[in-house]
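Undergrad: The structure follows.
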Amino acid sequence: MTLENIQESVDFLQSKGIKTPQIGIILGTGLGQLVKEISITHEIEYTDIPHFVSATLESHAGKLIFGTLAGKDVVVMNGRFHVYEGYNFNEVTYGVRVIKALGAKQLLISNAAGAINLNFNKGELMLIDDHINLQGGSPLAFKNAKEFGNIFVDMSAPYHKTMNQQIENIAKNNGINLHKGVYASVVGPQLETRAEYKYLKIIGADAVGMSTVPEVIVANQIGLPCVAISVLTDECDPENLKPINIPEIFEMAAKAEPQLTILFKELLKTL
């Protein structure tokens with residue numbers, strides 16, 4: 001990946017009539033309903049954009065969407081990339097760099113996650129306050145990474161404190177039960193064992209998923225303030241662990257998505 005690659009992607013999108021977006025949004029597994037709230041002006045397949053890779057999951061649409069939401073011009077990644085799909089960290093985070101290069105000033109991220117904290121229930125939301133990177137690598141660890149900014153990025157507050165506080169206020173004003181906690185990002189795609197869930201709880205994780213952290217690291221490198229919300233789709237109690245139920249995970253995502261939509265739309269109004 002080079003700066004020239006990023007510029008070629010941006011030039012292509014601008015040639016299609018894309019204007020400068022104010023806000024970038026990344027939608028996670030089963031969380032594409034927010035798109036219905038957008039007044040869409042352009043919808044472009046990832047595979048048509050130079051240097052983008054393709055989303056391989058049925059639950060990820062694989063489209064870059066441009067339009068207006070809550071009075072703001074937005075660019076939305078409807079579907080993201082994961083290390084477990086066989087992509088490297090540069091490919092996983094490429095869209096974040098393009099979003100910034102297009103001119104976006106903030107980044108909103110969503111994901112589906114399992115609840116490690118047993119005080120959290122499936123179908124609820126968790127605002128990510130901090131994270132633990134268990135993906136075994138960094139999106140800043142490549143030869144020409146310094147071309148994109150400082151590689152020794154401060155991660156003392158990776159999620160923007162002011163926007164996080166605004167989201168908490170919005171949740172309170174709208175009667176939304178919003179937890180706050182630590183998100184652990186693992187490689188996957190297999191789910192965790194009982195011992196792994198116990199380990200995650202011991203090291204301080206409140207929820208676990210397979211995404212988000214690489215994007216947040218890059219956002220912090222390139223100066224793109226970000227927030228992230230997990231939709232808790234299952235409960236990870238190692239003492240009462242049940243076999244994974246994929247349809248139920250999507251059901252829980254759908255249950256929580258209207259609340260996620262409220263949080264994002266109301267936050268946009270304040271930015």
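Residues in the structure tokens are named by chain (A, B, ... in the order shown) and by number from 1 within that chain; ligands are numbered from 1 in the order shown.
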From a DSSP pass on the backbone, collect the residues of segment 51-212 of chain A flagged as strand (DSSP E) and hand them back as a VMD selection string.

TA: chain A and resid 63 to 69 72 to 78 106 to 115 125 to 134 178 to 186 207 to 209

Undergrad: Please provide the set of residues having any atom within 6 Å of Leu125 of chain A, restricted to only C-alpha atoms, with same-chain residues fewer than 4 positions apart removed, written as a ChimeraX atom specification.

TA: /A:178,230-232

Undergrad: Keeping only C-alpha atoms, write the selected residues to a file as a PDB file, in the first residue's frame.

TA:
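For reference, result_26.pdb as written:
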ATOM      1  CA  LEU A 178     -26.081   1.677  26.833  1.00  0.00           C
ATOM      2  CA  SER A 230     -20.842  -2.985  19.877  1.00  0.00           C
ATOM      3  CA  VAL A 231     -24.179  -4.691  19.400  1.00  0.00           C
ATOM      4  CA  LEU A 232     -24.097  -7.575  21.885  1.00  0.00           C
TER       5      LEU A 232
END

Undergrad: Give the answer as one residue: which of A:Gln190, A:Asn150, A:Ser156, A:Asn133 has the shortest atom-to-atom distance to Gln221 of chain A, using only C-alpha atoms?

TA: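 With only C-alpha atoms as the atom set, the closest residue is A:Asn150.
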
Undergrad: Using only C-alpha atoms, which residues sit within 12 Å of Leu140 of chain A once same-chain residues fewer than 5 positions away are excluded, as a list in words?

TA: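 Counting only the stated atoms, we get Met1, Asn88, Phe89, Asn90, Glu91, Val92, Thr93, Tyr94, Ala145, Lys146, Glu147, Phe148, Gly149, Asn150, Ile151, Phe152, Val153, Pro214, Glu215, Val216, Ile217, Val218, Ala219, Asn220, Gln221 and Ile222 of chain A.
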
Undergrad: Suppose we keep C-alpha atoms; can you now write the selection as a compact mmCIF listing (two decimals), in the first residue's frame?

TA:
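again.txt was written with the following content:
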# COMPACT_ATOMS: atom_id res chain seq x y z
CA MET A 1 0.00 0.00 0.00
CA ASN A 88 -3.72 -8.42 5.76
CA PHE A 89 -3.99 -5.42 8.08
CA ASN A 90 -3.40 -2.96 5.23
CA GLU A 91 -6.35 -4.40 3.31
CA VAL A 92 -8.55 -4.51 6.41
CA THR A 93 -7.95 -0.81 7.14
CA TYR A 94 -7.66 0.55 3.60
CA ALA A 145 4.04 3.03 7.25
CA LYS A 146 5.81 6.30 8.16
CA GLU A 147 4.56 7.82 4.89
CA PHE A 148 1.10 7.86 6.46
CA GLY A 149 2.12 9.47 9.75
CA ASN A 150 3.74 8.70 13.07
CA ILE A 151 3.83 4.93 13.64
CA PHE A 152 4.35 5.30 17.41
CA VAL A 153 0.76 6.35 17.89
CA PRO A 214 -7.28 -2.32 13.39
CA GLU A 215 -9.53 0.43 12.02
CA VAL A 216 -9.31 2.38 15.27
CA ILE A 217 -5.51 2.13 15.36
CA VAL A 218 -5.30 3.55 11.83
CA ALA A 219 -7.87 6.25 12.60
CA ASN A 220 -5.68 7.38 15.49
CA GLN A 221 -2.58 7.39 13.28
CA ILE A 222 -4.15 9.60 10.62

Undergrad: Please provide as a list in words all residues within 8 Å of Leu241 of chain A, with the sequence filter that same-chain residues fewer than 4 positions apart are discarded (counting only C-alpha atoms).

TA: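 Listed by chain and then number, they are Arg194, Cys236 and Asp237 of chain A.
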
Undergrad: Can you write just those residues out, N, CA and C atoms, as a short mmCIF file (atom, residue, chain, number, x, y, z; two decimals), in the first residue's frame?

TA:
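selection.cif was written with the following content:
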data_model
loop_
_atom_site.label_atom_id
_atom_site.label_comp_id
_atom_site.auth_asym_id
_atom_site.auth_seq_id
_atom_site.Cartn_x
_atom_site.Cartn_y
_atom_site.Cartn_z
N ARG A 194 -14.35 -22.27 26.28
CA ARG A 194 -14.69 -21.85 27.65
C ARG A 194 -13.47 -21.22 28.33
N CYS A 236 -21.49 -14.78 26.68
CA CYS A 236 -20.36 -15.71 26.70
C CYS A 236 -20.03 -16.12 28.13
N ASP A 237 -20.91 -16.90 28.72
CA ASP A 237 -20.72 -17.40 30.08
C ASP A 237 -20.07 -18.78 30.00
#

Undergrad: Taking a cut-off of 12 Å and counting only C-alpha atoms, can you build a table that, for each residue of segment 67-131 of chain A near segment 162-165 of chain A, reports the nearest atom pair and how far apart they are in Å (one decimal), sorted by chain then residue number, as a Markdown table?

TA:
| residue | atom | partner | partner_atom | distance |
| --- | --- | --- | --- | --- |
| A:Gln106 | CA | A:Met163 | CA | 9.5 |
| A:Leu107 | CA | A:Met163 | CA | 10.3 |
| A:Leu108 | CA | A:Met163 | CA | 9.7 |
| A:Ile109 | CA | A:Asn164 | CA | 12.0 |
| A:Met126 | CA | A:Asn164 | CA | 11.1 |
| A:Leu127 | CA | A:Asn164 | CA | 7.5 |
| A:Ile128 | CA | A:Asn164 | CA | 8.4 |
| A:Asp129 | CA | A:Asn164 | CA | 7.8 |
| A:Asp130 | CA | A:Asn164 | CA | 11.1 |

Undergrad: Okay, now the selection with C-alpha atoms, as a compact mmCIF listing (two decimals), in the first residue's frame?

TA:
# COMPACT_ATOMS: atom_id res chain seq x y z
CA GLN A 106 -15.00 11.93 12.22
CA LEU A 107 -15.53 8.17 12.06
CA LEU A 108 -18.39 6.17 13.59
CA ILE A 109 -17.93 2.40 13.86
CA MET A 126 -21.94 -1.32 24.53
CA LEU A 127 -20.04 1.89 23.90
CA ILE A 128 -16.38 0.98 23.53
CA ASP A 129 -14.26 2.93 26.02
CA ASP A 130 -11.01 1.02 25.43

Undergrad: Out of A:Ala184, A:Val83, A:Ala256, A:Ile99, which residue has the shortest atom-to-atom distance to Ile18 of chain A when counting only C-alpha atoms?

TA: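 Checking each of A:Ala184, A:Val83, A:Ala256, A:Ile99 against Ile18 of chain A, counting only C-alpha atoms, the winner is A:Ile99.
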
Undergrad: Tell me, which residues of segment 87-245 of chain A carry DSSP helix (DSSP H, G or I), written as number ranges by chain?

TA: A: 89-102, 145-148, 161-173, 194-202, 213-221, 238-240

Undergrad: Compare A:Val186, A:Ile132, A:Ile229, A:Ala70 by their minimum atom-to-atom distance to Ser39 of chain A, counting only C-alpha atoms, and give me the closest one.

TA: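 Ranked by minimum distance to Ser39 of chain A, first place goes to A:Ala70.
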
Undergrad: Identify, on the basis of only C-alpha atoms, every residue whose closest approach to Lys269 of chain A does not exceed 8 Å; exclude the query and any residue fewer than 2 positions from it along the same chain; express the result as a list in words.

TA: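 My reading of the contact set: Ala70, Gly71, Lys72, Lys265, Glu266, Leu267 and Leu271 of chain A.
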
Undergrad: Can you spit out the residues from that selection as a tab-separated table (two decimals), in the first residue's frame, using C-alpha atoms?

TA:
chain	number	residue	atom	x	y	z
A	70	ALA	CA	-29.26	13.73	9.79
A	71	GLY	CA	-28.23	16.72	7.69
A	72	LYS	CA	-24.63	15.56	7.23
A	265	LYS	CA	-28.28	9.86	13.90
A	266	GLU	CA	-28.49	12.02	17.03
A	267	LEU	CA	-24.71	12.15	17.32
A	271	LEU	CA	-21.03	17.15	14.91

Undergrad: Using only C-alpha atoms, determine which residues lie at most 10 Å from Phe12 of chain A, disregarding the query and same-chain residues fewer than 4 positions distant; provide the list as a ChimeraX atom specification.

TA: /A:7-8,16-18,48-50

Undergrad: For Asn240 of chain A, find every residue with an atom within 12 Å (counting only C-alpha atoms), except residues of its own chain fewer than 4 positions away, and show them as a list in words.

TA: Leu118, Thr193, Arg194, Tyr197, Lys198, Glu235 and Cys236 of chain A

Undergrad: How about saving the chosen residues, N, CA and C atoms kept, as an mmCIF file, in the first residue's frame?

TA:
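Below you can see result.cif, which holds the result:
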data_model
loop_
_atom_site.group_PDB
_atom_site.id
_atom_site.type_symbol
_atom_site.label_atom_id
_atom_site.label_comp_id
_atom_site.auth_asym_id
_atom_site.auth_seq_id
_atom_site.Cartn_x
_atom_site.Cartn_y
_atom_site.Cartn_z
ATOM 1 N N LEU A 118 -20.989 -10.476 32.368
ATOM 2 C CA LEU A 118 -22.275 -11.162 32.545
ATOM 3 C C LEU A 118 -23.377 -10.244 33.052
ATOM 4 N N THR A 193 -13.299 -20.787 23.134
ATOM 5 C CA THR A 193 -13.529 -21.909 24.033
ATOM 6 C C THR A 193 -13.917 -21.383 25.416
ATOM 7 N N ARG A 194 -14.350 -22.271 26.278
ATOM 8 C CA ARG A 194 -14.686 -21.852 27.646
ATOM 9 C C ARG A 194 -13.472 -21.224 28.327
ATOM 10 N N TYR A 197 -12.862 -17.697 27.050
ATOM 11 C CA TYR A 197 -13.779 -16.717 27.634
ATOM 12 C C TYR A 197 -13.353 -16.357 29.049
ATOM 13 N N LYS A 198 -12.901 -17.358 29.825
ATOM 14 C CA LYS A 198 -12.420 -17.086 31.183
ATOM 15 C C LYS A 198 -11.200 -16.164 31.141
ATOM 16 N N GLU A 235 -24.244 -14.101 24.684
ATOM 17 C CA GLU A 235 -23.699 -14.032 26.034
ATOM 18 C C GLU A 235 -22.684 -15.150 26.223
ATOM 19 N N CYS A 236 -21.490 -14.784 26.680
ATOM 20 C CA CYS A 236 -20.356 -15.713 26.701
ATOM 21 C C CYS A 236 -20.027 -16.120 28.131
#

Undergrad: Using only C-alpha atoms, which of A:Thr29, A:Asp206, A:Thr270, A:Lys19 sits nearest Gln166 of chain A?

TA: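 Checking each of A:Thr29, A:Asp206, A:Thr270, A:Lys19 against Gln166 of chain A, counting only C-alpha atoms, the winner is A:Thr270.
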
Undergrad: From the list A:Pro158, A:Gly181, A:Pro21, A:Gly95, which residue is nearest Pro225 of chain A when using only C-alpha atoms?

TA: A:Pro158

Undergrad: Measuring between only C-alpha atoms, which one of A:Gly67, A:Gly223, A:Leu102, A:Lys36 shows the shortest distance to Asp11 of chain A?

TA: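 So, comparing all the options, the nearest one is A:Leu102.
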